[in-house]
Number of protein chains: 2
Amino acid sequence: MAGTKHLNLNWTKKPSQACRSSVEATGRCYKMDIYMTREATAAAISELTELLGERLSTGSSIREMHGRDEAYSDPALPDAVAFPTSTEEVSKIVKICAGRAVPIVPFGIGTSLEGHVIPIHGGISVDMSRINKVLEINDSDLDAVVQPGVTRTQLNEELRATGLMFTVDPGADATLGGMAATRASGTNTVRYGTMRENVLALEVVLPDGTIIETGSRARKSSAGYDLTHLFVGSEGTLGIITKLTVRLFGQPESILSATCAFETVDDAVNSVIMAIQIGLPMARIELLDEVQMKGMNKFNPDLGLPEKPHLFLEFHGSETGVKEQVELFEGICEEFSVSGFQWATKAEDRNRLWTARHNAYYAGKSLRSGAEGLVTDCCVPISALSECIARTKELIAASGLIAPIVGHVGDGNFHLLILIDPKNPVDLKAGKDLASKINKLALSFGGTVTGEHGVGIGKKQYMLEEHGAAYALMGVIKRAIDPTNTLNPGKIVEVN
Amino acid sequence: MAGTKHLNLNWTKKPSQACRSSVEATGRCYKMDIYMTREATAAAISELTELLGERLSTGSSIREMHGRDEAYSDPALPDAVAFPTSTEEVSKIVKICAGRAVPIVPFGIGTSLEGHVIPIHGGISVDMSRINKVLEINDSDLDAVVQPGVTRTQLNEELRATGLMFTVDPGADATLGGMAATRASGTNTVRYGTMRENVLALEVVLPDGTIIETGSRARKSSAGYDLTHLFVGSEGTLGIITKLTVRLFGQPESILSATCAFETVDDAVNSVIMAIQIGLPMARIELLDEVQMKGMNKFNPDLGLPEKPHLFLEFHGSETGVKEQVELFEGICEEFSVSGFQWATKAEDRNRLWTARHNAYYAGKSLRSGAEGLVTDCCVPISALSECIARTKELIAASGLIAPIVGHVGDGNFHLLILIDPKNPVDLKAGKDLASKINKLALSFGGTVTGEHGVGIGKKQYMLEEHGAAYALMGVIKRAIDPTNTLNPGKIVEVN
């Protein structure tokens, strides 16, 4: 930490006396609210410019692009944005910043939904989008080795000719590094798993710049602590992911998509629960409530589906296997007031259906012009899903707000898009109150406040309630791995 | 740490001067080779006796039973064995011992294969076998909540009437706590996953006695660091598992088991590789080489199978699904010199087959009377499996030893049972040399030295080579969570 010893203590924010004394004595600061001096940041930027040349930007438009994500959160600007092109450069950037306690915020493509990439303490945003090659496709082993800036559609494009596919599909065309960092999932998860199940190995730059590899391409291992899973979902707070080995699946011989409408959300959900319970290996089971369907029709004029609660479905398998699944599922739905299936067998019809589903966020927003969306992300045990959604609908009605529901209900995961006018404080408060009530409801059912979006800034307030005494252990781990609290400070866990 | 301040430094082993000085100054010791004073141990035993009465034993036969596991490792006795009956008692035991830096070694049923449960630094063996109730079976959510002393057959017995099953099946009837601690797997893993995929949530007693809960019964979550996966496979070095939520699957409508013989191991392995690559959802694909088959016939006189390389197979699914899988697999095998299938459709025939497979360890041992077995546990990417096994067979031939091969080849995992006379030092050295060569071979193929048995003492020597710089991070995590190195010291990672 020699670099910090000569700091001119010219604070960017006013520190507490205890913090100031500690920093003056040690040249290091563990407090969350005070990170760096202007001089330290300037020195880091100067050294980073030497390393990266024009790939270190302090321009205001670039900084603004790296000061927000897709959700409604207050933006905050980084002091500079770095665009490394290799793992070694990432390691050097980390060493330059960590030595001066200048925060580092890894950035993929900015589609996070809880403020993960917002540099709330300033510092350097490290944009990984130029480290974006597919390095290996191992068709014999059903895996691929990719750089973190590769997006999910880019990977699937490169896989097209191989007969293989990468399955995790959040709504946005996110980077795989970002998806691993937030433990993302999507519409296929009920069959193929989340990033938790689909990341086999990682290369990571630690907070001191050390480059490590976790896991291996072997399908299983009992060789010590599961570091791969520790970094998956750590949101850039423990290390920066610079390479991923991800699992691939064979493209199914037969794919059949469908939509079906129900009289009530409850009936739709109960059909799903029964399908899961009998072990139907469905590839996708998505719920869209009647409010969301109104938005879908508005946003996709050629969709033309009845404005009733819907399931969007997909079946994968051999031809006979798919046929068998469809028959079983139709049989289930008949017990629950289904009002007819619309089948999409052709690839173009399927693509139109799932593109519409992936744009559900924007479709929902179209229900109130100029509105921003507060998104919830609860996930509960399947057995609690029906009651949890019913009580959620009551809470929405009581709030007076518009809040369409979309859910990966096969996983017990559902989202509300609470539409608010962010300039109207009454509206904003009502939206936040509703989100809070729904989050606490999910916890009361033994669930989680975030099934797939992550904690970031937005969900941090619920972590103690969700994890209890285990939350302190997360702080212990963060402090041990990142003692100077350099990496994405203020996300997931506060370290004081 | 007040309890350690008054220690009479009456060492059980001679400490280094540096270590002695550190302990004298602080009352605490971080060195691996010196843990406690006799007085500290005696005081802990006295306090534990007050807590547990007769459930704290210092009798020599009980201590001997807790001083070894099923593998060939030097035994070491605990100073006492505790038999708690609740999480709260486990927490109290940990507090009593941690305050005095007396080691604690969690013990399930003693079937580990790398010396995990051997108290190499003495201390208290905490036998979890009396905390053994199935607490909940949630058939709607396909999960069960169990205590750590429940064994896999006990759980399946209790599940029988529900139509559900717990799938992870190591050879021994291990406890679920032990299986989670070693990240165990078994013959079904190719279809249903290891303990990594099958543990959803845990209750854990931390090294300071705090009781935490990790994860939830929701199917997925992005709520912070993945503590569940950190404890799964941590071999009792970070915490003691006191409750587990495990995943269940529906019992398949149709099950078909079979054996088939091949002219060469290579042909058998290549059939498996092709089946995996086309995505056949087989439930079990086990390889037994011609040497192992000789042992199988000897140990199971009514098995009567040809002494050629075999696959033991199982197909799960609907009736039509199983039929489809079987046809596809038969088609594959015909390309690889298969010499006929023997089908077992009846439950009793299937059970006989899989009981024989689960007893493969003992069958292998029967090939050399009085022999002990050194077991290897390599796992490599599927694409490397054929070459890795071929080169393994060459190494066995060169060693002059008998070493049957059994493998969960659908996962790329295979075991050698290297038969040695442990009293013959030449034999022992030859066995250890062979194991070492095979482990290094697996690493050279990008694999792991342990697919499912864990590190314990036996595999520690390979960890630096396998993990590189990441191994140091395991030490950072161990030190942070267990700063006094109380929990199962000397396993997985040395902390000096």
# chains A, B, ... in the order shown; residues from 1 in each chain; ligands from 1
call {"tool": "interface_residues", "arguments": {"of": "chain A", "to": "chain B", "cutoff": "6 Å", "atoms": "only C-alpha atoms", "output": "PyMOL selection string"}}
result
chain A and resi 140-141+183+212+217-226+230+234+379-383+411+447+450-452+454-455+469-470+480+492
call {"tool": "write_last_selection", "arguments": {"atoms": "N, CA and C atoms", "output": "compact mmCIF listing (two decimals), in the first residue's frame"}}
result
# COMPACT_ATOMS: atom_id res chain seq x y z
N SER A 140 -17.59 -31.60 -28.02
CA SER A 140 -17.58 -32.93 -27.38
C SER A 140 -17.94 -32.84 -25.90
N ASP A 141 -17.59 -31.74 -25.28
CA ASP A 141 -17.83 -31.62 -23.84
C ASP A 141 -19.04 -30.76 -23.52
N ARG A 183 -25.76 -13.67 -11.23
CA ARG A 183 -26.43 -14.98 -11.16
C ARG A 183 -27.77 -14.91 -11.90
N ILE A 212 -6.70 -15.56 -10.93
CA ILE A 212 -6.90 -16.95 -10.54
C ILE A 212 -7.86 -17.64 -11.51
N ARG A 217 -12.99 -27.79 -16.49
CA ARG A 217 -13.97 -28.27 -17.46
C ARG A 217 -14.47 -29.67 -17.13
N ALA A 218 -13.96 -30.27 -16.07
CA ALA A 218 -14.55 -31.53 -15.61
C ALA A 218 -15.97 -31.24 -15.10
N ARG A 219 -16.86 -32.23 -15.28
CA ARG A 219 -18.28 -31.99 -14.96
C ARG A 219 -18.57 -31.88 -13.47
N LYS A 220 -17.67 -32.40 -12.66
CA LYS A 220 -17.89 -32.30 -11.22
C LYS A 220 -16.55 -32.33 -10.53
N SER A 221 -16.50 -31.88 -9.30
CA SER A 221 -15.25 -31.87 -8.55
C SER A 221 -15.56 -31.72 -7.08
N SER A 222 -14.74 -32.37 -6.24
CA SER A 222 -14.84 -32.17 -4.80
C SER A 222 -13.54 -31.58 -4.25
N ALA A 223 -12.84 -30.84 -5.10
CA ALA A 223 -11.50 -30.39 -4.75
C ALA A 223 -11.50 -29.05 -4.02
N GLY A 224 -12.07 -29.04 -2.82
CA GLY A 224 -11.98 -27.85 -1.98
C GLY A 224 -13.15 -26.89 -2.15
N TYR A 225 -12.97 -25.67 -1.65
CA TYR A 225 -14.07 -24.71 -1.62
C TYR A 225 -14.51 -24.35 -3.03
N ASP A 226 -15.81 -24.18 -3.18
CA ASP A 226 -16.42 -23.94 -4.48
C ASP A 226 -16.29 -22.45 -4.82
N LEU A 230 -18.82 -19.01 -5.54
CA LEU A 230 -18.67 -17.81 -4.71
C LEU A 230 -18.63 -16.55 -5.58
N SER A 234 -21.59 -12.56 -7.18
CA SER A 234 -20.92 -11.65 -6.24
C SER A 234 -20.88 -10.22 -6.77
N CYS A 379 -39.05 -14.55 -5.54
CA CYS A 379 -39.08 -15.96 -5.89
C CYS A 379 -39.44 -16.74 -4.63
N VAL A 380 -40.47 -17.56 -4.73
CA VAL A 380 -40.95 -18.31 -3.56
C VAL A 380 -41.02 -19.80 -3.90
N PRO A 381 -41.09 -20.65 -2.87
CA PRO A 381 -41.31 -22.06 -3.16
C PRO A 381 -42.59 -22.22 -4.00
N ILE A 382 -42.55 -23.15 -4.94
CA ILE A 382 -43.67 -23.34 -5.87
C ILE A 382 -45.02 -23.47 -5.13
N SER A 383 -44.99 -24.18 -4.02
CA SER A 383 -46.24 -24.44 -3.30
C SER A 383 -46.87 -23.14 -2.78
N ASP A 411 -40.23 -21.51 -11.98
CA ASP A 411 -39.22 -21.39 -10.92
C ASP A 411 -39.78 -20.78 -9.64
N GLY A 447 -39.33 -17.21 0.81
CA GLY A 447 -38.71 -16.94 -0.49
C GLY A 447 -37.57 -15.95 -0.40
N THR A 450 -34.92 -11.52 -4.44
CA THR A 450 -34.38 -11.47 -5.78
C THR A 450 -34.06 -12.85 -6.33
N GLY A 451 -34.88 -13.25 -7.29
CA GLY A 451 -34.68 -14.55 -7.93
C GLY A 451 -33.58 -14.53 -8.96
N GLU A 452 -33.37 -13.34 -9.60
CA GLU A 452 -32.43 -13.32 -10.72
C GLU A 452 -31.79 -11.98 -11.02
N GLY A 454 -30.43 -9.75 -8.70
CA GLY A 454 -29.32 -9.43 -7.82
C GLY A 454 -29.65 -8.34 -6.83
N VAL A 455 -28.67 -7.99 -6.02
CA VAL A 455 -28.86 -7.10 -4.88
C VAL A 455 -28.54 -5.65 -5.25
N ALA A 469 -28.48 -13.95 10.47
CA ALA A 469 -27.07 -13.97 10.90
C ALA A 469 -26.12 -14.29 9.75
N ALA A 470 -26.61 -14.93 8.70
CA ALA A 470 -25.73 -15.27 7.58
C ALA A 470 -25.25 -14.03 6.83
N ALA A 480 -12.40 -10.14 3.92
CA ALA A 480 -11.22 -11.00 3.79
C ALA A 480 -10.65 -10.95 2.37
N ILE A 492 -24.27 -5.17 -2.48
CA ILE A 492 -24.56 -6.40 -1.72
C ILE A 492 -24.47 -6.16 -0.21
call {"tool": "residues_around", "arguments": {"residues": "region 130-137 of chain A", "least_positions_apart": "2", "cutoff": "6 Å", "atoms": "only C-alpha atoms", "output": "NGL selection string"}}
result
:A and (85 or 128 or 139 or 144-147 or 149-150)
call {"tool": "select_by_dssp", "arguments": {"residues": "region 152-199 of chain A", "states": "strand (DSSP E or B)", "output": "mmCIF file with N, CA, C and O atoms, in the first residue's frame"}}
result
data_model
loop_
_atom_site.group_PDB
_atom_site.id
_atom_site.type_symbol
_atom_site.label_atom_id
_atom_site.label_comp_id
_atom_site.auth_asym_id
_atom_site.auth_seq_id
_atom_site.Cartn_x
_atom_site.Cartn_y
_atom_site.Cartn_z
ATOM 1 N N LEU A 164 -25.510 -26.757 -31.056
ATOM 2 C CA LEU A 164 -25.545 -26.542 -29.605
ATOM 3 C C LEU A 164 -26.173 -25.185 -29.298
ATOM 4 O O LEU A 164 -26.306 -24.335 -30.167
ATOM 5 N N MET A 165 -26.530 -25.008 -28.020
ATOM 6 C CA MET A 165 -27.090 -23.706 -27.631
ATOM 7 C C MET A 165 -26.700 -23.371 -26.207
ATOM 8 O O MET A 165 -26.462 -24.247 -25.383
ATOM 9 N N THR A 175 -24.172 -9.138 -21.192
ATOM 10 C CA THR A 175 -22.898 -9.836 -21.372
ATOM 11 C C THR A 175 -22.873 -11.037 -20.428
ATOM 12 O O THR A 175 -23.482 -11.026 -19.353
ATOM 13 N N VAL A 199 -22.411 -22.031 -15.238
ATOM 14 C CA VAL A 199 -21.011 -21.607 -15.237
ATOM 15 C C VAL A 199 -20.182 -22.721 -14.604
ATOM 16 O O VAL A 199 -20.423 -23.108 -13.463
#
call {"tool": "atom_distance", "arguments": {"atom1": "CA of Leu395 (chain B)", "atom2": "CA of Asp266 (chain B)"}}
result
15.5 Å
call {"tool": "closest_residue", "arguments": {"among": "B:Thr187, B:Ser339, B:Ser61, B:Ser254", "to": "Phe312 (chain B)", "atoms": "only C-alpha atoms"}}
result
B:Thr187
call {"tool": "decode", "arguments": {"residues": "region 132-155 of chain A", "atoms": "N, CA, C and O atoms", "output": "compact mmCIF listing (two decimals), in the first residue's frame"}}
result
# COMPACT_ATOMS: atom_id res chain seq x y z
N ASN A 132 -14.25 -9.56 -25.67
CA ASN A 132 -15.53 -10.14 -26.11
C ASN A 132 -15.39 -11.21 -27.18
O ASN A 132 -16.16 -11.24 -28.13
N LYS A 133 -14.43 -12.08 -26.99
CA LYS A 133 -14.27 -13.17 -27.96
C LYS A 133 -14.78 -14.49 -27.39
O LYS A 133 -14.64 -14.77 -26.20
N VAL A 134 -15.36 -15.29 -28.28
CA VAL A 134 -15.64 -16.69 -27.94
C VAL A 134 -14.33 -17.44 -28.19
O VAL A 134 -13.85 -17.50 -29.32
N LEU A 135 -13.72 -17.95 -27.13
CA LEU A 135 -12.38 -18.52 -27.25
C LEU A 135 -12.38 -19.98 -27.68
O LEU A 135 -11.51 -20.41 -28.43
N GLU A 136 -13.32 -20.75 -27.15
CA GLU A 136 -13.37 -22.19 -27.49
C GLU A 136 -14.83 -22.63 -27.52
O GLU A 136 -15.61 -22.20 -26.67
N ILE A 137 -15.14 -23.48 -28.48
CA ILE A 137 -16.42 -24.21 -28.42
C ILE A 137 -16.05 -25.69 -28.40
O ILE A 137 -15.49 -26.20 -29.37
N ASN A 138 -16.28 -26.33 -27.27
CA ASN A 138 -15.92 -27.73 -27.12
C ASN A 138 -17.17 -28.56 -27.30
O ASN A 138 -17.87 -28.87 -26.33
N ASP A 139 -17.45 -28.90 -28.55
CA ASP A 139 -18.74 -29.58 -28.78
C ASP A 139 -18.76 -30.96 -28.15
O ASP A 139 -19.81 -31.44 -27.74
N SER A 140 -17.59 -31.60 -28.02
CA SER A 140 -17.58 -32.93 -27.38
C SER A 140 -17.94 -32.84 -25.90
O SER A 140 -18.48 -33.78 -25.34
N ASP A 141 -17.59 -31.74 -25.28
CA ASP A 141 -17.83 -31.62 -23.84
C ASP A 141 -19.04 -30.76 -23.52
O ASP A 141 -19.34 -30.54 -22.34
N LEU A 142 -19.70 -30.27 -24.55
CA LEU A 142 -20.86 -29.41 -24.33
C LEU A 142 -20.51 -28.21 -23.45
O LEU A 142 -21.20 -27.91 -22.47
N ASP A 143 -19.38 -27.56 -23.78
CA ASP A 143 -19.07 -26.32 -23.09
C ASP A 143 -18.39 -25.34 -24.04
O ASP A 143 -17.94 -25.72 -25.13
N ALA A 144 -18.36 -24.08 -23.61
CA ALA A 144 -17.66 -23.05 -24.37
C ALA A 144 -16.87 -22.18 -23.40
O ALA A 144 -17.29 -22.00 -22.25
N VAL A 145 -15.74 -21.69 -23.87
CA VAL A 145 -14.94 -20.77 -23.06
C VAL A 145 -15.08 -19.40 -23.72
O VAL A 145 -14.77 -19.25 -24.91
N VAL A 146 -15.55 -18.43 -22.95
CA VAL A 146 -15.83 -17.12 -23.53
C VAL A 146 -15.25 -16.01 -22.67
O VAL A 146 -15.01 -16.19 -21.47
N GLN A 147 -15.03 -14.88 -23.30
CA GLN A 147 -14.63 -13.69 -22.56
C GLN A 147 -15.87 -12.99 -22.01
O GLN A 147 -16.99 -13.20 -22.51
N PRO A 148 -15.71 -12.16 -20.99
CA PRO A 148 -16.88 -11.64 -20.27
C PRO A 148 -17.74 -10.67 -21.06
O PRO A 148 -18.91 -10.50 -20.75
N GLY A 149 -17.17 -10.05 -22.10
CA GLY A 149 -17.95 -9.09 -22.86
C GLY A 149 -18.82 -9.72 -23.94
O GLY A 149 -19.59 -9.03 -24.60
N VAL A 150 -18.71 -11.03 -24.11
CA VAL A 150 -19.56 -11.73 -25.09
C VAL A 150 -21.02 -11.66 -24.61
O VAL A 150 -21.29 -11.91 -23.45
N THR A 151 -21.94 -11.33 -25.51
CA THR A 151 -23.36 -11.31 -25.10
C THR A 151 -23.98 -12.67 -25.42
O THR A 151 -23.44 -13.45 -26.20
N ARG A 152 -25.15 -12.89 -24.82
CA ARG A 152 -25.79 -14.20 -25.00
C ARG A 152 -26.18 -14.44 -26.46
O ARG A 152 -26.06 -15.56 -26.96
N THR A 153 -26.62 -13.38 -27.15
CA THR A 153 -27.00 -13.62 -28.55
C THR A 153 -25.75 -13.81 -29.41
O THR A 153 -25.77 -14.60 -30.36
N GLN A 154 -24.67 -13.12 -29.08
CA GLN A 154 -23.41 -13.31 -29.82
C GLN A 154 -22.95 -14.76 -29.71
O GLN A 154 -22.56 -15.39 -30.71
N LEU A 155 -23.02 -15.30 -28.50
CA LEU A 155 -22.59 -16.69 -28.32
C LEU A 155 -23.50 -17.64 -29.11
O LEU A 155 -23.02 -18.53 -29.83
